[in-house]
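Dumped my_file08.cif below, it's mmCIF, C-alpha atoms:
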```
data_start
loop_
_atom_site.group_PDB
_atom_site.id
_atom_site.type_symbol
_atom_site.label_atom_id
_atom_site.label_comp_id
_atom_site.auth_asym_id
_atom_site.auth_seq_id
_atom_site.Cartn_x
_atom_site.Cartn_y
_atom_site.Cartn_z
ATOM 1 C CA HIS P 23 -15.439 -74.039 -40.326
ATOM 2 C CA GLY P 24 -18.559 -73.068 -42.243
ATOM 3 C CA CYS P 25 -20.917 -75.546 -43.848
ATOM 4 C CA ARG P 26 -18.638 -78.543 -44.269
ATOM 5 C CA ILE P 27 -17.986 -81.837 -42.530
ATOM 6 C CA ASP P 28 -14.702 -81.157 -40.769
ATOM 7 C CA GLN P 29 -14.485 -84.223 -38.514
ATOM 8 C CA ILE P 30 -15.773 -87.784 -38.253
ATOM 9 C CA PHE P 31 -15.732 -89.633 -34.914
ATOM 10 C CA GLY P 32 -13.617 -86.833 -33.489
ATOM 11 C CA TRP P 33 -10.919 -87.148 -36.166
ATOM 12 C CA GLN P 34 -10.116 -83.942 -37.971
ATOM 13 C CA LEU P 35 -10.394 -84.419 -41.742
ATOM 14 C CA PRO P 36 -7.870 -82.948 -44.171
ATOM 15 C CA LEU P 37 -9.283 -79.876 -45.904
ATOM 16 C CA TRP P 38 -9.589 -81.578 -49.333
ATOM 17 C CA LEU P 39 -11.434 -84.571 -47.823
ATOM 18 C CA SER P 40 -13.669 -82.276 -45.802
ATOM 19 C CA TYR P 41 -14.810 -80.410 -48.903
ATOM 20 C CA CYS P 42 -15.153 -83.566 -51.024
ATOM 21 C CA GLY P 43 -17.145 -85.362 -48.312
ATOM 22 C CA SER P 44 -19.424 -82.362 -47.834
ATOM 23 C CA VAL P 45 -20.165 -82.052 -51.552
ATOM 24 C CA ILE P 46 -20.833 -85.795 -51.846
ATOM 25 C CA TRP P 47 -23.162 -85.696 -48.813
ATOM 26 C CA ILE P 48 -25.147 -82.721 -50.136
ATOM 27 C CA VAL P 49 -25.456 -84.110 -53.677
ATOM 28 C CA ALA P 50 -26.392 -87.589 -52.405
ATOM 29 C CA MET P 51 -29.067 -86.310 -50.003
ATOM 30 C CA THR P 52 -30.472 -83.922 -52.596
ATOM 31 C CA ASN P 53 -30.890 -86.838 -54.998
ATOM 32 C CA ALA P 54 -32.114 -89.197 -52.266
ATOM 33 C CA ILE P 55 -35.132 -87.001 -51.474
ATOM 34 C CA ASN P 56 -35.753 -86.568 -55.200
ATOM 35 C CA PHE P 57 -35.652 -90.369 -55.670
ATOM 36 C CA ILE P 58 -38.337 -90.988 -53.023
ATOM 37 C CA ASP P 59 -40.660 -88.371 -54.530
ATOM 38 C CA GLY P 60 -42.585 -91.047 -56.414
ATOM 39 C CA LEU P 61 -45.898 -91.045 -54.538
ATOM 40 C CA ASP P 62 -48.247 -88.302 -53.383
ATOM 41 C CA GLY P 63 -47.122 -86.943 -50.014
ATOM 42 C CA LEU P 64 -44.091 -89.216 -49.657
ATOM 43 C CA ALA P 65 -41.189 -86.764 -50.006
ATOM 44 C CA ALA P 66 -42.949 -83.986 -48.071
ATOM 45 C CA GLY P 67 -43.892 -86.303 -45.200
ATOM 46 C CA VAL P 68 -40.532 -88.039 -44.944
ATOM 47 C CA SER P 69 -38.812 -84.631 -45.061
ATOM 48 C CA ALA P 70 -41.127 -83.238 -42.373
ATOM 49 C CA ILE P 71 -40.491 -86.195 -40.063
ATOM 50 C CA SER P 72 -36.739 -86.098 -40.707
ATOM 51 C CA ALA P 73 -36.603 -82.344 -40.132
ATOM 52 C CA GLY P 74 -38.723 -82.765 -36.984
ATOM 53 C CA ALA P 75 -36.310 -85.346 -35.579
ATOM 54 C CA MET P 76 -33.324 -83.128 -36.437
ATOM 55 C CA LEU P 77 -35.151 -80.207 -34.800
ATOM 56 C CA VAL P 78 -35.512 -82.144 -31.533
ATOM 57 C CA VAL P 79 -31.823 -83.117 -31.666
ATOM 58 C CA ALA P 80 -30.832 -79.499 -32.391
ATOM 59 C CA LEU P 81 -32.911 -78.282 -29.432
ATOM 60 C CA LEU P 82 -31.285 -80.881 -27.178
ATOM 61 C CA LEU P 83 -27.880 -79.591 -28.291
ATOM 62 C CA VAL P 84 -28.611 -75.832 -28.226
ATOM 63 C CA PRO P 85 -25.462 -74.954 -26.241
ATOM 64 C CA GLN P 86 -23.410 -76.659 -28.970
ATOM 65 C CA GLY P 87 -22.225 -74.456 -31.865
ATOM 66 C CA ASN P 88 -24.795 -73.753 -34.577
ATOM 67 C CA SER P 89 -27.716 -75.699 -33.100
ATOM 68 C CA MET P 90 -29.989 -72.669 -32.533
ATOM 69 C CA VAL P 91 -29.667 -71.470 -36.127
ATOM 70 C CA SER P 92 -30.249 -75.053 -37.276
ATOM 71 C CA ALA P 93 -33.326 -75.319 -35.042
ATOM 72 C CA ILE P 94 -34.883 -72.196 -36.575
ATOM 73 C CA LEU P 95 -34.235 -73.413 -40.127
ATOM 74 C CA LEU P 96 -35.550 -76.901 -39.309
ATOM 75 C CA ALA P 97 -38.712 -75.455 -37.736
ATOM 76 C CA ALA P 98 -39.322 -73.568 -40.993
ATOM 77 C CA VAL P 99 -38.824 -76.775 -43.029
ATOM 78 C CA VAL P 100 -41.216 -78.714 -40.774
ATOM 79 C CA GLY P 101 -43.811 -75.927 -41.016
ATOM 80 C CA GLY P 102 -43.526 -75.703 -44.793
ATOM 81 C CA CYS P 103 -43.806 -79.458 -45.277
ATOM 82 C CA VAL P 104 -46.691 -79.903 -42.833
ATOM 83 C CA GLY P 105 -48.559 -77.036 -44.517
ATOM 84 C CA PHE P 106 -47.954 -78.598 -47.937
ATOM 85 C CA ILE P 107 -48.919 -82.214 -47.107
ATOM 86 C CA PRO P 108 -52.736 -81.718 -47.071
ATOM 87 C CA TYR P 109 -52.550 -80.503 -50.675
ATOM 88 C CA ASN P 110 -50.003 -83.132 -51.731
ATOM 89 C CA PHE P 111 -51.462 -86.230 -50.038
ATOM 90 C CA ASN P 112 -53.269 -88.757 -52.243
ATOM 91 C CA PRO P 113 -55.162 -87.672 -54.297
ATOM 92 C CA ALA P 114 -52.815 -84.704 -54.728
ATOM 93 C CA LYS P 115 -53.996 -81.253 -55.744
ATOM 94 C CA ILE P 116 -50.446 -79.867 -55.956
ATOM 95 C CA PHE P 117 -47.134 -81.562 -56.806
ATOM 96 C CA MET P 118 -43.765 -80.347 -55.567
ATOM 97 C CA GLY P 119 -41.838 -81.618 -58.600
ATOM 98 C CA ASP P 120 -38.071 -81.874 -58.876
ATOM 99 C CA THR P 121 -37.559 -78.310 -57.699
ATOM 100 C CA GLY P 122 -39.338 -78.945 -54.403
ATOM 101 C CA SER P 123 -37.779 -82.343 -53.689
ATOM 102 C CA ASN P 124 -34.282 -81.148 -54.650
ATOM 103 C CA PHE P 125 -34.675 -78.129 -52.378
ATOM 104 C CA LEU P 126 -35.803 -80.303 -49.449
ATOM 105 C CA GLY P 127 -32.877 -82.684 -49.938
ATOM 106 C CA PHE P 128 -30.414 -79.815 -50.232
ATOM 107 C CA ILE P 129 -31.688 -77.970 -47.157
ATOM 108 C CA LEU P 130 -31.799 -81.113 -44.987
ATOM 109 C CA ALA P 131 -28.274 -82.104 -46.048
ATOM 110 C CA SER P 132 -26.921 -78.581 -45.504
ATOM 111 C CA ILE P 133 -28.543 -78.167 -42.088
ATOM 112 C CA SER P 134 -27.252 -81.557 -40.968
ATOM 113 C CA ILE P 135 -23.719 -80.447 -41.877
ATOM 114 C CA PHE P 136 -24.127 -76.970 -40.417
ATOM 115 C CA GLY P 137 -25.615 -78.113 -37.120
ATOM 116 C CA LEU P 138 -25.411 -81.836 -36.452
ATOM 117 C CA PHE P 139 -21.965 -82.651 -37.828
ATOM 118 C CA LYS P 140 -20.537 -79.965 -35.538
ATOM 119 C CA THR P 141 -21.555 -81.676 -32.261
ATOM 120 C CA TYR P 142 -20.320 -84.672 -30.266
ATOM 121 C CA ALA P 143 -18.156 -87.027 -32.308
ATOM 122 C CA PHE P 144 -20.349 -90.160 -32.502
ATOM 123 C CA ILE P 145 -23.662 -88.298 -32.489
ATOM 124 C CA SER P 146 -22.472 -86.010 -35.272
ATOM 125 C CA PHE P 147 -21.958 -88.965 -37.578
ATOM 126 C CA ALA P 148 -24.845 -91.239 -36.553
ATOM 127 C CA VAL P 149 -27.776 -88.810 -36.236
ATOM 128 C CA PRO P 150 -27.941 -87.578 -39.864
ATOM 129 C CA PHE P 151 -27.615 -91.170 -41.110
ATOM 130 C CA LEU P 152 -30.435 -92.365 -38.859
ATOM 131 C CA VAL P 153 -32.753 -89.433 -39.512
ATOM 132 C CA LEU P 154 -32.310 -89.677 -43.282
ATOM 133 C CA GLY P 155 -32.066 -93.487 -43.211
ATOM 134 C CA LEU P 156 -34.968 -94.269 -45.557
ATOM 135 C CA PRO P 157 -33.808 -91.990 -48.400
ATOM 136 C CA ILE P 158 -30.197 -93.150 -47.884
ATOM 137 C CA PHE P 159 -31.246 -96.818 -48.031
ATOM 138 C CA ASP P 160 -33.349 -96.196 -51.141
ATOM 139 C CA ILE P 161 -30.664 -94.309 -53.086
ATOM 140 C CA CYS P 162 -27.894 -96.770 -52.166
ATOM 141 C CA PHE P 163 -29.882 -99.775 -53.341
ATOM 142 C CA ALA P 164 -31.099 -97.937 -56.442
ATOM 143 C CA VAL P 165 -27.533 -97.123 -57.515
ATOM 144 C CA ILE P 166 -26.261 -100.646 -56.731
ATOM 145 C CA ARG P 167 -29.220 -102.259 -58.526
ATOM 146 C CA ARG P 168 -28.829 -100.096 -61.634
ATOM 147 C CA VAL P 169 -25.064 -100.500 -61.901
ATOM 148 C CA ALA P 170 -25.413 -104.290 -61.387
ATOM 149 C CA HIS P 171 -27.810 -104.366 -64.343
ATOM 150 C CA GLY P 172 -25.409 -102.323 -66.490
ATOM 151 C CA GLN P 173 -27.566 -99.191 -66.395
ATOM 152 C CA SER P 174 -26.739 -95.616 -65.520
ATOM 153 C CA PRO P 175 -27.214 -94.874 -61.788
ATOM 154 C CA MET P 176 -29.641 -92.124 -62.855
ATOM 155 C CA HIS P 177 -31.752 -94.430 -65.059
ATOM 156 C CA ALA P 178 -35.372 -94.468 -63.837
ATOM 157 C CA ASP P 179 -36.907 -97.780 -62.767
ATOM 158 C CA ARG P 180 -39.648 -99.237 -60.569
ATOM 159 C CA GLY P 181 -37.332 -100.789 -57.996
ATOM 160 C CA HIS P 182 -37.624 -98.100 -55.349
ATOM 161 C CA PHE P 183 -38.819 -98.992 -51.855
ATOM 162 C CA HIS P 184 -42.225 -97.386 -52.395
ATOM 163 C CA HIS P 185 -42.724 -99.127 -55.756
ATOM 164 C CA ARG P 186 -41.917 -102.491 -54.193
ATOM 165 C CA LEU P 187 -44.509 -101.932 -51.467
ATOM 166 C CA ILE P 188 -47.141 -101.074 -54.086
ATOM 167 C CA ASP P 189 -46.171 -104.172 -56.094
ATOM 168 C CA MET P 190 -46.703 -106.213 -52.887
ATOM 169 C CA GLY P 191 -50.322 -105.049 -52.850
ATOM 170 C CA PHE P 192 -50.278 -102.024 -50.546
ATOM 171 C CA SER P 193 -52.259 -98.961 -51.612
ATOM 172 C CA GLN P 194 -50.558 -95.594 -52.155
ATOM 173 C CA LYS P 195 -51.809 -94.321 -48.791
ATOM 174 C CA GLN P 196 -50.652 -97.484 -46.985
ATOM 175 C CA THR P 197 -47.232 -97.289 -48.654
ATOM 176 C CA VAL P 198 -46.809 -93.655 -47.632
ATOM 177 C CA ALA P 199 -47.930 -94.505 -44.071
ATOM 178 C CA ILE P 200 -45.328 -97.311 -43.880
ATOM 179 C CA ALA P 201 -42.611 -94.916 -45.081
ATOM 180 C CA TYR P 202 -43.721 -92.331 -42.496
ATOM 181 C CA LEU P 203 -43.624 -94.974 -39.753
ATOM 182 C CA LEU P 204 -40.133 -96.183 -40.706
ATOM 183 C CA THR P 205 -38.844 -92.609 -40.867
ATOM 184 C CA ALA P 206 -40.413 -91.839 -37.475
ATOM 185 C CA ILE P 207 -38.798 -94.937 -35.919
ATOM 186 C CA LEU P 208 -35.382 -93.949 -37.293
ATOM 187 C CA GLY P 209 -35.919 -90.358 -36.134
ATOM 188 C CA LEU P 210 -36.871 -91.571 -32.648
ATOM 189 C CA ALA P 211 -33.722 -93.722 -32.590
ATOM 190 C CA ALA P 212 -31.646 -90.631 -33.459
ATOM 191 C CA VAL P 213 -33.299 -88.593 -30.707
ATOM 192 C CA THR P 214 -32.808 -91.430 -28.185
ATOM 193 C CA LEU P 215 -29.136 -91.742 -29.186
ATOM 194 C CA THR P 216 -28.678 -88.019 -28.604
#
```
Translate the structure described by the file into structure tokens.
Amino acid sequence: HGCRIDQIFGWQLPLWLSYCGSVIWIVAMTNAINFIDGLDGLAAGVSAISAGAMLVVALLLVPQGNSMVSAILLAAVVGGCVGFIPYNFNPAKIFMGDTGSNFLGFILASISIFGLFKTYAFISFAVPFLVLGLPIFDICFAVIRRVAHGQSPMHADRGHFHHRLIDMGFSQKQTVAIAYLLTAILGLAAVTLT
């Protein structure tokens, strides 16, 4: 089956839909992490928490398919992000840039397909959506907002979740902490569901 979504809710997908859905998922998640990389430490922290939640789920499902390989890869992602955050947190000494955020989005999307979409029917669909809920929410509303205003979905604006929190009066550190907390709550929900 390889690295593709081959079933949803226990229903086997036709091969063409499996490949199309997998490509859309990977491209969307790659861009979603890139979209939230607007504040110091935000993308690295959200990715670390998301990968940590997926790691716990993978360890709970070790007897299932590719979960052990996924767990090793996720542990590496968590370690890399946690090691990077002290240098990237506000005020940042190092920035990950598009290359770093695109890589994190790609690896999280690919691991979720490789490991999590291959497990129990409902869990396989719900866990990746919960764990990556904040970036998914942000990219969906960004695309809808931009298209509604007659702009390209890739047009940059200040309507992202983190920008709205800053506009409400939160500091950069408070905004990042709120994003971490929301991601942790969604990750805990995914673990509890598993």
Residue members of the PyMOL selection byres ((chain P and resi 201) around 9) in the file shown, as a PDB file with C-alpha atoms, in the coordinates of the input:
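Generated output (expr20.pdb):
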```pdb
ATOM      1  CA  LEU P  64     -44.091 -89.216 -49.657  1.00  0.00           C
ATOM      2  CA  GLY P  67     -43.892 -86.303 -45.200  1.00  0.00           C
ATOM      3  CA  VAL P  68     -40.532 -88.039 -44.944  1.00  0.00           C
ATOM      4  CA  LEU P 156     -34.968 -94.269 -45.557  1.00  0.00           C
ATOM      5  CA  PHE P 183     -38.819 -98.992 -51.855  1.00  0.00           C
ATOM      6  CA  HIS P 184     -42.225 -97.386 -52.395  1.00  0.00           C
ATOM      7  CA  GLN P 196     -50.652 -97.484 -46.985  1.00  0.00           C
ATOM      8  CA  THR P 197     -47.232 -97.289 -48.654  1.00  0.00           C
ATOM      9  CA  VAL P 198     -46.809 -93.655 -47.632  1.00  0.00           C
ATOM     10  CA  ALA P 199     -47.930 -94.505 -44.071  1.00  0.00           C
ATOM     11  CA  ILE P 200     -45.328 -97.311 -43.880  1.00  0.00           C
ATOM     12  CA  TYR P 202     -43.721 -92.331 -42.496  1.00  0.00           C
ATOM     13  CA  LEU P 203     -43.624 -94.974 -39.753  1.00  0.00           C
ATOM     14  CA  LEU P 204     -40.133 -96.183 -40.706  1.00  0.00           C
ATOM     15  CA  THR P 205     -38.844 -92.609 -40.867  1.00  0.00           C
ATOM     16  CA  ALA P 206     -40.413 -91.839 -37.475  1.00  0.00           C
TER      17      ALA P 206
END
```
Contact residues around Ile94 in chain P with all atoms listed in the file at 12 Å, ignoring same-chain residues under 5 positions, as a ChimeraX atom specification
/P:73-74,76-78,80-81,84,88-89,99-101,133,137
Kindly export the residues of the current selection with C-alpha atoms, as an mmCIF file, keeping the file's coordinate frame.
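Full text of selection_4.cif as output:
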```
data_model
loop_
_atom_site.group_PDB
_atom_site.id
_atom_site.type_symbol
_atom_site.label_atom_id
_atom_site.label_comp_id
_atom_site.auth_asym_id
_atom_site.auth_seq_id
_atom_site.Cartn_x
_atom_site.Cartn_y
_atom_site.Cartn_z
ATOM 1 C CA ALA P 73 -36.603 -82.344 -40.132
ATOM 2 C CA GLY P 74 -38.723 -82.765 -36.984
ATOM 3 C CA MET P 76 -33.324 -83.128 -36.437
ATOM 4 C CA LEU P 77 -35.151 -80.207 -34.800
ATOM 5 C CA VAL P 78 -35.512 -82.144 -31.533
ATOM 6 C CA ALA P 80 -30.832 -79.499 -32.391
ATOM 7 C CA LEU P 81 -32.911 -78.282 -29.432
ATOM 8 C CA VAL P 84 -28.611 -75.832 -28.226
ATOM 9 C CA ASN P 88 -24.795 -73.753 -34.577
ATOM 10 C CA SER P 89 -27.716 -75.699 -33.100
ATOM 11 C CA VAL P 99 -38.824 -76.775 -43.029
ATOM 12 C CA VAL P 100 -41.216 -78.714 -40.774
ATOM 13 C CA GLY P 101 -43.811 -75.927 -41.016
ATOM 14 C CA ILE P 133 -28.543 -78.167 -42.088
ATOM 15 C CA GLY P 137 -25.615 -78.113 -37.120
#
```
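Distance check against Ala50 in chain P using only C-alpha atoms: of P:Ile116, P:Leu187, P:Ile158, P:Val153, the minimum falls on P:Ile158.
Put simply, the PyMOL selection byres ((chain P and resi 114) around 12) on this file hits Leu61, Asp62, Gly63, Leu64, Ala66, Phe106, Ile107, Pro108, Tyr109, Asn110, Phe111, Asn112, Pro113, Lys115, Ile116, Phe117, Met118, Gln194 and Lys195 of chain P.
When all atoms listed in the file are used to compute distances to Ser132 in chain P, the closest of the residues P:Arg167, P:His185, P:His177, P:Arg26 turns out to be P:Arg26.
The space between CA of Ala54 in chain P and CA of Leu37 in chain P spans 25.5 Å.
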Ser123 in chain P surroundings by only C-alpha atoms, 8 Å radius, close-in-sequence under 6 positions cut, as a list in words:
Thr52, Ile55, Asn56, Asp59, Ala65 and Ala66 of chain P
Translate the PyMOL selection byres ((chain P and resi 163) around 12), as applied to the file shown, into an explicit residue set as a VMD selection string.
chain P and resid 54 57 156 to 162 164 to 170 175 179 181 to 183
With all atoms listed in the file as the atoms that count, which of P:Leu83, P:Val91, P:Ile27, P:Ser193 lies nearest to Val45 in chain P?
P:Ile27
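The two atoms in question, CA of Cys103 in chain P and CA of Ala148 in chain P, are spaced 24.0 Å apart.
Using all atoms listed in the file for every distance, the candidate list P:Gly155, P:Asp28, P:Ser72, P:Phe136 yields P:Phe136 as the residue closest to Met90 in chain P.
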Step by step, gather every atom of range 185-194 of chain P that the file lists, find the box along x, y and z that holds them, add 6 Å on each side, and finally give centre and edge lengths in Å to one decimal, as AutoDock Vina command-line options.
```
--center_x -47.1 --center_y -100.9 --center_z -53.3 --size_x 22.3 --size_y 22.6 --size_z 17.5
```
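Shortest atom-to-atom contact with Met51 in chain P among P:Leu215, P:Ala178, P:Leu154, P:Leu39: P:Leu154, counting only C-alpha atoms.
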Pairwise distance, CA of Ile71 in chain P with CA of Gln29 in chain P, equals 26.1 Å
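Ranking P:Ser69, P:Ser40, P:Asn124, P:Asn53 by their shortest atom-to-atom distance to Gly209 in chain P, with all atoms listed in the file included, puts P:Ser69 first.
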